[in-house]
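Printed here is my_file.csv (CSV, C-alpha atoms and all ligand atoms):
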```csv
chain,number,residue,atom,x,y,z
A,1,MET,CA,-31.5,-9.1,-40.7
A,2,ARG,CA,-29.3,-7.1,-38.4
A,3,ILE,CA,-26.2,-6.4,-40.5
A,4,LEU,CA,-22.9,-5.3,-39.1
A,5,VAL,CA,-21.0,-3.6,-41.9
A,6,THR,CA,-17.3,-2.9,-41.2
A,7,GLY,CA,-15.6,0.0,-43.0
A,8,GLY,CA,-19.0,1.4,-44.1
A,9,ALA,CA,-17.6,4.9,-44.4
A,10,GLY,CA,-15.3,3.9,-47.2
A,11,PHE,CA,-16.0,3.7,-50.9
A,12,ILE,CA,-17.6,0.3,-51.4
A,13,GLY,CA,-19.0,0.1,-47.8
A,14,SER,CA,-20.9,3.4,-48.1
A,15,ASN,CA,-22.3,2.4,-51.5
A,16,PHE,CA,-23.3,-1.0,-50.1
A,17,ILE,CA,-25.1,0.6,-47.1
A,18,HIS,CA,-27.0,2.9,-49.5
A,19,TYR,CA,-27.9,-0.2,-51.7
A,20,TRP,CA,-28.9,-2.3,-48.7
A,21,LEU,CA,-31.2,0.2,-47.0
A,22,LYS,CA,-32.9,1.0,-50.3
A,23,ASN,CA,-33.5,-2.7,-51.2
A,24,HIS,CA,-34.0,-4.1,-47.7
A,25,PRO,CA,-35.7,-1.4,-45.7
A,26,GLU,CA,-36.9,-3.9,-43.1
A,27,ASP,CA,-33.3,-4.6,-42.0
A,28,THR,CA,-31.0,-2.7,-39.7
A,29,VAL,CA,-27.4,-1.7,-40.5
A,30,ILE,CA,-24.7,-0.9,-38.0
A,31,ASN,CA,-21.6,0.7,-39.5
A,32,LEU,CA,-18.4,0.1,-37.5
A,33,ASP,CA,-15.6,2.3,-38.9
A,34,VAL,CA,-12.7,4.0,-37.2
A,35,LEU,CA,-12.6,6.7,-39.9
A,36,THR,CA,-9.1,6.6,-41.1
A,37,TYR,CA,-8.1,9.1,-43.9
A,38,ALA,CA,-10.2,6.8,-46.2
A,39,GLY,CA,-13.4,7.0,-44.1
A,40,HIS,CA,-15.9,9.7,-45.1
A,41,PRO,CA,-19.0,9.9,-43.0
A,42,GLU,CA,-20.2,12.6,-45.4
A,43,SER,CA,-20.9,9.8,-47.9
A,44,LEU,CA,-23.7,8.7,-45.7
A,45,LYS,CA,-25.1,12.1,-44.8
A,46,ASP,CA,-28.5,11.4,-46.4
A,47,ILE,CA,-29.2,8.4,-44.2
A,48,GLU,CA,-27.4,9.3,-40.9
A,49,ASN,CA,-30.7,9.8,-39.1
A,50,SER,CA,-32.5,6.8,-40.5
A,51,PRO,CA,-34.1,4.7,-37.7
A,52,ASN,CA,-32.6,1.5,-39.1
A,53,TYR,CA,-29.0,2.9,-39.5
A,54,LYS,CA,-26.4,3.3,-36.7
A,55,PHE,CA,-22.8,4.5,-36.9
A,56,ILE,CA,-20.3,3.4,-34.4
A,57,LYS,CA,-16.8,4.9,-34.5
A,58,GLY,CA,-14.5,2.1,-33.6
A,59,ASP,CA,-11.4,0.1,-34.6
A,60,ILE,CA,-11.8,-3.6,-35.7
A,61,THR,CA,-8.6,-4.4,-33.9
A,62,ASN,CA,-10.2,-3.3,-30.6
A,63,GLU,CA,-11.6,-6.5,-29.0
A,64,ALA,CA,-13.8,-4.7,-26.5
A,65,VAL,CA,-15.5,-2.5,-29.2
A,66,VAL,CA,-15.9,-5.4,-31.6
A,67,ASN,CA,-17.3,-7.8,-29.0
A,68,SER,CA,-19.9,-5.4,-27.8
A,69,THR,CA,-20.9,-4.3,-31.4
A,70,MET,CA,-21.1,-7.9,-32.6
A,71,GLN,CA,-23.8,-8.7,-30.0
A,72,ARG,CA,-26.2,-6.4,-31.9
A,73,ALA,CA,-25.9,-8.2,-35.2
A,74,ASP,CA,-26.8,-11.5,-36.8
A,75,THR,CA,-24.9,-11.0,-40.0
A,76,VAL,CA,-21.5,-9.4,-40.8
A,77,VAL,CA,-20.3,-7.9,-44.1
A,78,HIS,CA,-16.6,-7.1,-43.6
A,79,PHE,CA,-15.2,-4.4,-45.8
A,80,ALA,CA,-12.9,-2.5,-43.4
A,81,ALA,CA,-9.3,-2.6,-44.6
A,82,GLU,CA,-6.3,-0.6,-45.6
A,83,SER,CA,-6.9,-0.7,-49.3
A,84,HIS,CA,-4.3,1.5,-51.2
A,85,VAL,CA,-1.5,-0.5,-52.8
A,86,ASP,CA,0.9,2.4,-52.8
A,87,ARG,CA,0.4,3.1,-49.1
A,88,SER,CA,1.0,-0.6,-48.4
A,89,ILE,CA,4.5,-0.3,-50.0
A,90,ILE,CA,5.3,2.6,-47.7
A,91,ASP,CA,3.7,1.3,-44.5
A,92,PRO,CA,3.2,-2.5,-44.7
A,93,LEU,CA,2.7,-3.1,-40.9
A,94,GLN,CA,-0.4,-1.0,-40.8
A,95,PHE,CA,-1.9,-3.3,-43.5
A,96,VAL,CA,-1.0,-6.4,-41.5
A,97,ARG,CA,-2.5,-4.8,-38.3
A,98,THR,CA,-5.9,-3.8,-39.9
A,99,ASN,CA,-6.3,-6.5,-42.6
A,100,VAL,CA,-5.0,-9.5,-40.8
A,101,LEU,CA,-5.3,-8.8,-37.0
A,102,GLY,CA,-8.6,-6.8,-37.5
A,103,THR,CA,-10.2,-9.7,-39.4
A,104,ALA,CA,-9.1,-12.2,-36.7
A,105,VAL,CA,-10.6,-10.1,-34.0
A,106,LEU,CA,-13.9,-9.9,-35.9
A,107,LEU,CA,-13.9,-13.7,-36.5
A,108,ASN,CA,-13.4,-14.4,-32.8
A,109,ALA,CA,-16.2,-12.1,-31.9
A,110,ALA,CA,-18.5,-13.5,-34.6
A,111,LEU,CA,-17.9,-17.0,-33.3
A,112,GLU,CA,-18.7,-16.0,-29.7
A,113,ALA,CA,-21.9,-14.1,-30.8
A,114,LYS,CA,-23.0,-17.1,-33.0
A,115,ILE,CA,-23.3,-14.9,-36.1
A,116,LYS,CA,-25.4,-16.5,-38.8
A,117,ARG,CA,-23.2,-15.4,-41.7
A,118,PHE,CA,-19.8,-13.7,-41.9
A,119,HIS,CA,-19.3,-12.4,-45.4
A,120,HIS,CA,-15.7,-11.3,-46.2
A,121,VAL,CA,-15.0,-8.9,-49.0
A,122,SER,CA,-11.7,-9.5,-50.7
A,123,THR,CA,-9.8,-8.8,-53.9
A,124,ASP,CA,-8.6,-10.6,-57.0
A,125,GLU,CA,-5.1,-9.3,-56.2
A,126,VAL,CA,-4.5,-12.3,-53.9
A,127,TYR,CA,-4.0,-14.4,-56.9
A,128,GLY,CA,-1.0,-12.4,-58.1
A,129,GLU,CA,-0.5,-11.2,-61.7
A,130,LEU,CA,-1.3,-12.7,-65.1
A,131,LYS,CA,0.6,-12.3,-68.2
A,132,GLN,CA,-1.1,-11.8,-71.6
A,133,GLY,CA,-2.7,-15.1,-72.6
A,134,ASP,CA,-2.7,-16.7,-69.1
A,135,ALA,CA,-5.9,-18.3,-68.0
A,136,ARG,CA,-8.2,-16.2,-65.9
A,137,PHE,CA,-8.4,-16.5,-62.1
A,138,ARG,CA,-10.8,-19.1,-60.7
A,139,GLU,CA,-11.8,-19.9,-57.2
A,140,ASP,CA,-9.2,-22.7,-57.1
A,141,THR,CA,-6.3,-20.7,-58.5
A,142,PRO,CA,-3.4,-20.8,-56.0
A,143,TYR,CA,-2.8,-17.6,-54.0
A,144,GLN,CA,0.4,-15.7,-55.1
A,145,PRO,CA,0.1,-12.2,-53.7
A,146,ARG,CA,2.9,-9.8,-54.7
A,147,THR,CA,2.3,-6.7,-52.7
A,148,PRO,CA,1.9,-6.0,-48.9
A,149,TYR,CA,-1.7,-5.1,-49.6
A,150,SER,CA,-2.6,-8.3,-51.5
A,151,ALA,CA,-0.5,-10.4,-49.0
A,152,SER,CA,-2.4,-9.0,-46.1
A,153,LYS,CA,-5.8,-9.6,-47.9
A,154,ALA,CA,-4.6,-13.1,-48.6
A,155,GLY,CA,-3.9,-13.6,-44.9
A,156,SER,CA,-7.4,-12.4,-44.0
A,157,ASP,CA,-9.0,-14.8,-46.6
A,158,HIS,CA,-7.0,-17.7,-45.1
A,159,LEU,CA,-8.2,-16.8,-41.6
A,160,VAL,CA,-11.8,-16.6,-42.7
A,161,ARG,CA,-11.6,-20.0,-44.3
A,162,ALA,CA,-9.8,-21.4,-41.3
A,163,TYR,CA,-12.6,-20.3,-39.0
A,164,PHE,CA,-15.1,-22.2,-41.2
A,165,GLU,CA,-12.9,-25.3,-41.4
A,166,THR,CA,-11.9,-25.3,-37.7
A,167,TYR,CA,-14.9,-23.9,-35.8
A,168,GLY,CA,-17.7,-24.2,-38.4
A,169,LEU,CA,-18.3,-20.4,-38.5
A,170,PRO,CA,-20.7,-19.9,-41.4
A,171,ILE,CA,-18.7,-17.8,-43.8
A,172,THR,CA,-18.7,-16.8,-47.5
A,173,ILE,CA,-16.0,-14.9,-49.3
A,174,THR,CA,-16.0,-12.8,-52.5
A,175,ASN,CA,-12.9,-11.7,-54.4
A,176,CYS,CA,-13.6,-9.0,-56.9
A,177,ALA,CA,-12.2,-6.8,-59.6
A,178,ASN,CA,-11.5,-3.0,-59.3
A,179,ASN,CA,-14.6,-1.1,-58.5
A,180,TYR,CA,-15.7,2.3,-59.9
A,181,GLY,CA,-18.6,4.6,-58.9
A,182,PRO,CA,-19.5,7.5,-56.7
A,183,PHE,CA,-17.8,8.3,-53.3
A,184,HIS,CA,-14.5,6.8,-54.5
A,185,ASP,CA,-11.6,8.4,-52.8
A,186,PRO,CA,-9.6,10.6,-55.3
A,187,GLU,CA,-6.4,8.8,-54.5
A,188,LYS,CA,-7.5,5.8,-56.7
A,189,LEU,CA,-7.1,5.7,-60.5
A,190,ILE,CA,-10.5,6.6,-61.9
A,191,PRO,CA,-11.5,9.3,-59.4
A,192,ARG,CA,-7.9,10.7,-59.4
A,193,PHE,CA,-7.9,11.0,-63.1
A,194,ILE,CA,-11.4,12.5,-63.3
A,195,THR,CA,-10.7,15.1,-60.6
A,196,ASN,CA,-7.3,16.0,-62.0
A,197,LEU,CA,-8.9,16.6,-65.4
A,198,LEU,CA,-11.7,18.7,-63.9
A,199,GLU,CA,-9.0,20.7,-62.1
A,200,GLY,CA,-7.1,21.4,-65.3
A,201,LYS,CA,-4.2,19.1,-64.3
A,202,LYS,CA,-2.5,16.2,-66.1
A,203,VAL,CA,-3.1,12.5,-65.3
A,204,PRO,CA,-0.1,10.4,-64.3
A,205,LEU,CA,-0.2,7.1,-66.3
A,206,MET,CA,2.2,4.4,-65.3
A,207,GLY,CA,4.5,2.9,-68.0
A,208,LYS,CA,2.8,3.2,-71.3
A,209,GLY,CA,-0.6,2.5,-69.7
A,210,GLU,CA,-0.3,-1.2,-70.8
A,211,ASN,CA,-1.3,-2.8,-67.5
A,212,ILE,CA,-4.7,-4.5,-67.6
A,213,ARG,CA,-7.4,-4.3,-64.9
A,214,GLU,CA,-11.0,-5.5,-64.7
A,215,TRP,CA,-13.6,-2.9,-63.7
A,216,LEU,CA,-16.9,-3.5,-61.9
A,217,HIS,CA,-19.5,-0.9,-61.0
A,218,VAL,CA,-19.8,-0.7,-57.2
A,219,GLU,CA,-23.6,-1.3,-57.4
A,220,ASP,CA,-23.0,-4.5,-59.3
A,221,HIS,CA,-20.7,-5.5,-56.5
A,222,ALA,CA,-23.4,-4.8,-53.8
A,223,LYS,CA,-25.8,-7.0,-55.8
A,224,ALA,CA,-23.3,-9.8,-55.9
A,225,ILE,CA,-22.8,-9.7,-52.2
A,226,ASP,CA,-26.6,-9.7,-51.7
A,227,LEU,CA,-26.8,-12.8,-53.8
A,228,CYS,CA,-24.0,-14.5,-51.9
A,229,LEU,CA,-25.8,-13.8,-48.6
A,230,GLN,CA,-29.0,-15.4,-50.0
A,231,LYS,CA,-27.7,-18.2,-52.1
A,232,GLY,CA,-23.9,-18.6,-51.5
A,233,LYS,CA,-22.8,-22.0,-50.2
A,234,ILE,CA,-21.5,-21.8,-46.6
A,235,GLY,CA,-17.7,-22.0,-46.7
A,236,GLY,CA,-17.8,-20.9,-50.4
A,237,THR,CA,-15.7,-18.4,-52.3
A,238,TYR,CA,-17.0,-16.5,-55.3
A,239,LEU,CA,-15.1,-14.4,-57.8
A,240,ILE,CA,-16.8,-11.3,-59.1
A,241,GLN,CA,-15.8,-10.5,-62.7
A,242,GLY,CA,-15.6,-7.0,-64.3
A,243,GLU,CA,-14.7,-5.7,-67.7
A,244,GLU,CA,-11.1,-5.9,-68.9
A,245,LYS,CA,-9.4,-2.7,-70.0
A,246,THR,CA,-5.8,-1.4,-70.2
A,247,ASN,CA,-5.1,1.7,-68.1
A,248,LEU,CA,-4.6,3.6,-71.3
A,249,GLU,CA,-8.0,2.6,-72.6
A,250,ILE,CA,-9.6,3.8,-69.3
A,251,THR,CA,-7.7,7.0,-69.6
A,252,GLN,CA,-8.8,7.5,-73.2
A,253,MET,CA,-12.4,6.9,-72.2
A,254,LEU,CA,-12.2,9.6,-69.5
A,255,LEU,CA,-10.6,12.0,-71.9
A,256,ASP,CA,-13.3,11.4,-74.5
A,257,ILE,CA,-16.1,11.9,-72.0
A,258,LEU,CA,-14.6,15.2,-71.0
A,259,GLY,CA,-13.8,16.3,-74.6
A,260,MET,CA,-10.0,16.4,-73.9
A,261,ASP,CA,-7.0,15.0,-75.7
A,262,ALA,CA,-3.9,12.9,-75.0
A,263,SER,CA,-1.8,16.0,-74.2
A,264,ARG,CA,-3.3,15.7,-70.7
A,265,ILE,CA,-1.5,12.4,-70.1
A,266,GLU,CA,1.8,12.4,-68.2
A,267,TYR,CA,3.6,9.1,-68.5
A,268,VAL,CA,5.4,8.1,-65.2
A,269,GLU,CA,7.3,5.2,-63.8
A,270,HIS,CA,5.7,1.9,-62.8
A,271,ARG,CA,5.1,1.4,-59.0
A,272,LEU,CA,7.3,-1.3,-57.3
A,273,GLY,CA,6.0,-4.8,-58.1
A,274,HIS,CA,3.3,-3.4,-60.4
A,275,ASP,CA,1.1,-6.4,-61.4
A,276,PHE,CA,0.6,-6.6,-65.1
A,277,ARG,CA,-2.9,-8.0,-65.4
A,278,TYR,CA,-5.8,-9.3,-63.4
A,279,ALA,CA,-8.7,-11.2,-65.0
A,280,ILE,CA,-11.5,-13.2,-63.5
A,281,ASP,CA,-13.5,-16.2,-64.6
A,282,GLY,CA,-16.9,-15.4,-63.0
A,283,SER,CA,-18.8,-18.5,-64.0
A,284,LYS,CA,-19.3,-19.8,-60.4
A,285,LEU,CA,-21.1,-16.7,-59.4
A,286,ALA,CA,-23.0,-16.7,-62.7
A,287,SER,CA,-24.3,-20.1,-61.8
A,288,LEU,CA,-26.0,-18.5,-58.8
A,289,GLY,CA,-27.7,-16.1,-61.2
A,290,TRP,CA,-25.4,-13.0,-61.0
A,291,HIS,CA,-24.6,-11.0,-64.1
A,292,ARG,CA,-23.0,-7.6,-64.6
A,293,GLU,CA,-25.7,-5.0,-65.2
A,294,ARG,CA,-23.5,-1.9,-65.6
A,295,SER,CA,-20.9,-1.2,-68.2
A,296,LEU,CA,-18.1,1.3,-68.5
A,297,GLU,CA,-19.4,2.5,-71.9
A,298,LYS,CA,-22.9,3.2,-70.5
A,299,ASP,CA,-22.0,4.2,-66.9
A,300,LEU,CA,-18.6,5.9,-66.8
A,301,PRO,CA,-20.1,9.1,-68.1
A,302,GLU,CA,-22.6,9.1,-65.2
A,303,VAL,CA,-19.6,8.6,-62.8
A,304,VAL,CA,-17.8,11.6,-64.4
A,305,GLU,CA,-21.0,13.6,-64.0
A,306,TRP,CA,-21.2,12.7,-60.3
A,307,TYR,CA,-17.7,14.1,-59.7
A,308,LYS,CA,-18.6,17.2,-61.7
A,309,ASN,CA,-21.7,17.8,-59.5
A,310,ASN,CA,-20.1,16.8,-56.1
A,311,GLU,CA,-17.0,18.9,-55.7
A,312,TRP,CA,-18.2,19.4,-52.1
A,313,TRP,CA,-17.3,15.8,-51.5
A,314,TRP,CA,-14.0,15.4,-53.2
A,315,LYS,CA,-12.3,18.8,-53.2
A,316,PRO,CA,-11.7,18.9,-49.4
A,317,LEU,CA,-10.1,15.4,-49.7
A,318,LYS,CA,-7.6,16.6,-52.3
A,319,LEU,CA,-6.7,19.9,-50.4
A,320,GLY,CA,-3.7,19.5,-48.1
A,321,ARG,CA,-3.3,15.8,-48.9
A,322,PRO,CA,-0.2,14.9,-50.9
A,323,ASN,CA,-0.7,12.1,-53.4
A,324,VAL,CA,0.9,8.9,-52.0
A,325,ASP,CA,3.3,7.6,-54.6
A,326,SER,CA,5.2,4.5,-53.7
A,327,SER,CA,7.9,4.3,-56.3
A,328,ALA,CA,7.7,6.9,-59.0
A,329,GLN,CA,7.4,10.6,-57.9
A,330,LYS,CA,4.0,10.6,-59.5
A,331,SER,CA,1.9,7.5,-59.6
A,332,TYR,CA,-1.7,6.5,-58.9
A,333,GLY,CA,-3.8,4.1,-56.9
A,334,LYS,CA,-4.7,0.5,-57.8
A,401,LIG,N1,-11.8,-0.6,-54.1
A,401,LIG,C1,-11.7,-1.7,-54.9
A,401,LIG,O1,-11.6,-1.6,-56.1
A,401,LIG,C2,-11.7,-3.1,-54.3
A,401,LIG,C3,-11.6,-4.2,-55.1
A,401,LIG,C4,-11.6,-5.4,-54.5
A,401,LIG,C5,-11.7,-5.6,-53.1
A,401,LIG,N2,-11.8,-4.5,-52.4
A,401,LIG,C6,-11.9,-4.7,-50.9
A,401,LIG,O2,-13.1,-4.1,-50.5
A,401,LIG,C7,-13.0,-3.5,-49.2
A,401,LIG,C8,-13.5,-2.1,-49.2
A,401,LIG,O3,-12.6,-1.4,-50.1
A,401,LIG,P1,-12.8,0.2,-50.3
A,401,LIG,O4,-12.2,0.6,-51.6
A,401,LIG,O5,-14.1,0.6,-50.0
A,401,LIG,O6,-11.8,0.7,-49.2
A,401,LIG,P2,-11.6,2.2,-48.6
A,401,LIG,O7,-10.2,2.4,-48.3
A,401,LIG,O8,-12.4,3.2,-49.4
A,401,LIG,O9,-12.4,2.1,-47.2
A,401,LIG,C9,-11.9,1.4,-46.1
A,401,LIG,C10,-12.8,1.8,-44.9
A,401,LIG,O10,-12.3,1.0,-43.8
A,401,LIG,C11,-12.2,1.8,-42.6
A,401,LIG,N3,-11.1,1.2,-41.8
A,401,LIG,C12,-9.8,1.1,-42.1
A,401,LIG,N4,-9.2,0.6,-41.0
A,401,LIG,C13,-10.1,0.3,-40.1
A,401,LIG,C14,-10.1,-0.2,-38.8
A,401,LIG,N5,-8.9,-0.6,-38.2
A,401,LIG,N6,-11.2,-0.3,-38.1
A,401,LIG,C15,-12.4,0.1,-38.6
A,401,LIG,N7,-12.5,0.6,-39.8
A,401,LIG,C16,-11.4,0.7,-40.6
A,401,LIG,C17,-11.8,3.2,-43.2
A,401,LIG,O11,-12.0,4.2,-42.3
A,401,LIG,C18,-12.6,3.2,-44.5
A,401,LIG,O12,-13.9,3.8,-44.2
A,401,LIG,C19,-11.6,-3.7,-48.8
A,401,LIG,O13,-11.6,-4.9,-48.0
A,401,LIG,C20,-10.8,-4.0,-50.1
A,401,LIG,O14,-9.7,-4.8,-49.9
A,401,LIG,C21,-11.7,-3.2,-52.9
```
Can you present the structure in this file as structure tokens?
Amino acid sequence: MRILVTGGAGFIGSNFIHYWLKNHPEDTVINLDVLTYAGHPESLKDIENSPNYKFIKGDITNEAVVNSTMQRADTVVHFAAESHVDRSIIDPLQFVRTNVLGTAVLLNAALEAKIKRFHHVSTDEVYGELKQGDARFREDTPYQPRTPYSASKAGSDHLVRAYFETYGLPITITNCANNYGPFHDPEKLIPRFITNLLEGKKVPLMGKGENIREWLHVEDHAKAIDLCLQKGKIGGTYLIQGEEKTNLEITQMLLDILGMDASRIEYVEHRLGHDFRYAIDGSKLASLGWHRERSLEKDLPEVVEWYKNNEWWWKPLKLGRPNVDSSAQKSYGK
């Protein structure tokens, strides 16, 4: 396969490229990434000279760059996006530009280049929020996005599906839970909390930490995409389930791993439109043979260890970059 990965210098994209080259060494990967503040080429330092890896600095909204890059691929895995909810509340238009327009430019080019598979990576946030006791999201749950981020991702999902229905472009879509793992930008909850604790700071927990998220190890995510590329039905959507935890439970796990106590928590206001709960019914993907192999209990200590051992990667990202907090003075990422 000749895979074009968009946004491969970001958190999930870089982990996906590592996973792919390790497990499919016969394939080639082209990484198209414009390197916004969230793009970190250092995450791919170890493979930058591999003969089957090529980095192209370019914007997915730029038709000329996208058209010429697309000619070199037969498969697309599309991660590139603006991904931070708090930033979307401050600058929604940038999210529409990248997530909606950028996806449309890629789809047009994919059609022109007769791409064999266009896999679109999306989020469970397109379904809106659940209250305690509500049924889990399924592939047929109506879209009800509540933030500019999730609305722009919903727009991109609709476009991808429309290119299948209208033009027959062979697409698959996955919508997944929050990811955790190495190379995760310290503006997001788990890495922000780990690095704050390592730096002797407090962690800003919204409300009473009662909001509920699902968590998925980034390698389990890569395996799920791999399976969808092999066995996913063309035109199909698959939800990727994680483990449900309140934000307070996650915080407590991190404090326990680091041998610290609850005095390190600083309770702050909720962000605007803070979704209460996301939860996924992953049975459709399970029917293809996927199951979660990693767990927070077993693998979160390894992630904390990674941040302890890789200050070279995250320290420069925190220096000189103010935390982006959309509503409260202090808040955190998704
Ligand atoms: N992180 C999560 O927990 C999570 C959960 C569900 C879905 N997703 C989705 O997965 C994808 C990847 O998320 P992530 O956390 O790795 O994001 P990220 O913010 O870490 O990385 C995004 C990457 O896209 C690049 N990019 C942004 N705009 C671009 C443009 N116009 N042209 C080319 N490249 C551009 C950035 O430079 C960066 O490398 C996104 O589509 C996101 O919506 C993420």
>> Distance limit 6 Å, reference ligand LIG 401 (chain A), atoms considered: only C-alpha atoms and all ligand atoms. Which residues make the cut? Give them as number ranges by chain.
In response: A: 7-13, 33-36, 38-39, 58-61, 79-83, 98, 121-123, 176-179
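Of the listed residues (A:Trp215, A:Gln94, A:Val66, A:Thr141), A:Val66 comes nearest to Asn31 (chain A); the distances count only C-alpha atoms.
Restricting the calculation to only C-alpha atoms, the smallest distance between Phe16 (chain A) and any of A:Ala224, A:Val303, A:Leu239, A:Leu197 is found for A:Ala224.
Within 9 Å of Lys233 (chain A), once all atoms listed in the file are used and residues closer than 4 positions along the same chain are dropped, the contacting residues are Ile171, Thr172, Cys228, Leu229 and Thr237 of chain A.
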Atoms kept (C-alpha atoms) for selection, written as a short mmCIF file (atom, residue, chain, number, x, y, z; two decimals), keeping the file's coordinate frame:
```cif
data_model
loop_
_atom_site.label_atom_id
_atom_site.label_comp_id
_atom_site.auth_asym_id
_atom_site.auth_seq_id
_atom_site.Cartn_x
_atom_site.Cartn_y
_atom_site.Cartn_z
CA ILE A 171 -18.70 -17.80 -43.80
CA THR A 172 -18.70 -16.80 -47.50
CA CYS A 228 -24.00 -14.50 -51.90
CA LEU A 229 -25.80 -13.80 -48.60
CA THR A 237 -15.70 -18.40 -52.30
#
```
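Distances to Asn310 (chain A) were evaluated for A:Met253, A:Ile173, A:Leu198, A:Met1 using all atoms listed in the file, and the minimum falls at A:Leu198.
Among the candidates A:Val203, A:Leu216, A:Leu317, A:Ile280, the residue lying nearest to Ile265 (chain A) is A:Val203 (atoms considered: only C-alpha atoms).
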>> Measuring between only C-alpha atoms, which one of A:Ser150, A:Ala113, A:Ala135, A:Glu129 shows the shortest distance to Val100 (chain A)?
In response: A:Ser150
Please, what is the axis-aligned box for every listed atom of region 105-117 of chain A with 3 Å on each side, as centre and edge lengths in Å to one decimal, as JSON?
```
{"center_x": -18.0, "center_y": -13.5, "center_z": -35.7, "size_x": 20.8, "size_y": 13.2, "size_z": 18.0}
```
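When only C-alpha atoms are used to measure the gap to Asp124 (chain A), the shortest distance among A:Glu293, A:Glu302, A:Asp256, A:Asp281 belongs to A:Asp281.
Rounded to one decimal, CA of Trp306 (chain A) and CA of Leu319 (chain A) lie 19.0 Å from each other.
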>> Residues proximal to (-10.7, 14.3, -47.2) were defined as those with any atom within 7 Å of that point in the file's coordinates, counting only C-alpha atoms. Which are they, as a ChimeraX atom specification?
In response: /A:37,314,316-318
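CA of Glu214 (chain A) is positioned 14.6 Å from CA of Asp134 (chain A).
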>> as a ChimeraX atom specification, please: the residues near Lys54 (chain A) (cut-off 10 Å, all atoms listed in the file, same-chain neighbours under 3 positions excluded).
In response: /A:4,28-32,47-51,57
>> Please list as a PyMOL selection string every residue within 9 Å of Ala109 (chain A), counting all atoms listed in the file and excluding residues in the same chain fewer than 6 positions away.
In response: chain A and resi 63+66-68+70-71+115
>> Taking (-26.1, -15.2, -36.5) in the coordinates of the supplied file, I want to know which residues reach to within 6 Å of it, counting all atoms listed in the file; could you give the answer as a PyMOL selection string?
In response: chain A and resi 74-75+114-117
> Do you know which residues are at most 12 Å from Arg192 (chain A) counting all atoms listed in the file, after dropping those on the same chain fewer than 4 positions away, and could you put them as number ranges by chain?
Replying inline: A: 180, 183-188, 196-199, 201-205, 251, 254, 304, 307, 314-315, 317-318, 323-324, 330-334
>> For a test of reading the model, state the distance in Å between CA of His18 (chain A) and CA of Thr6 (chain A), rounded to one decimal.
In response: 14.0 Å
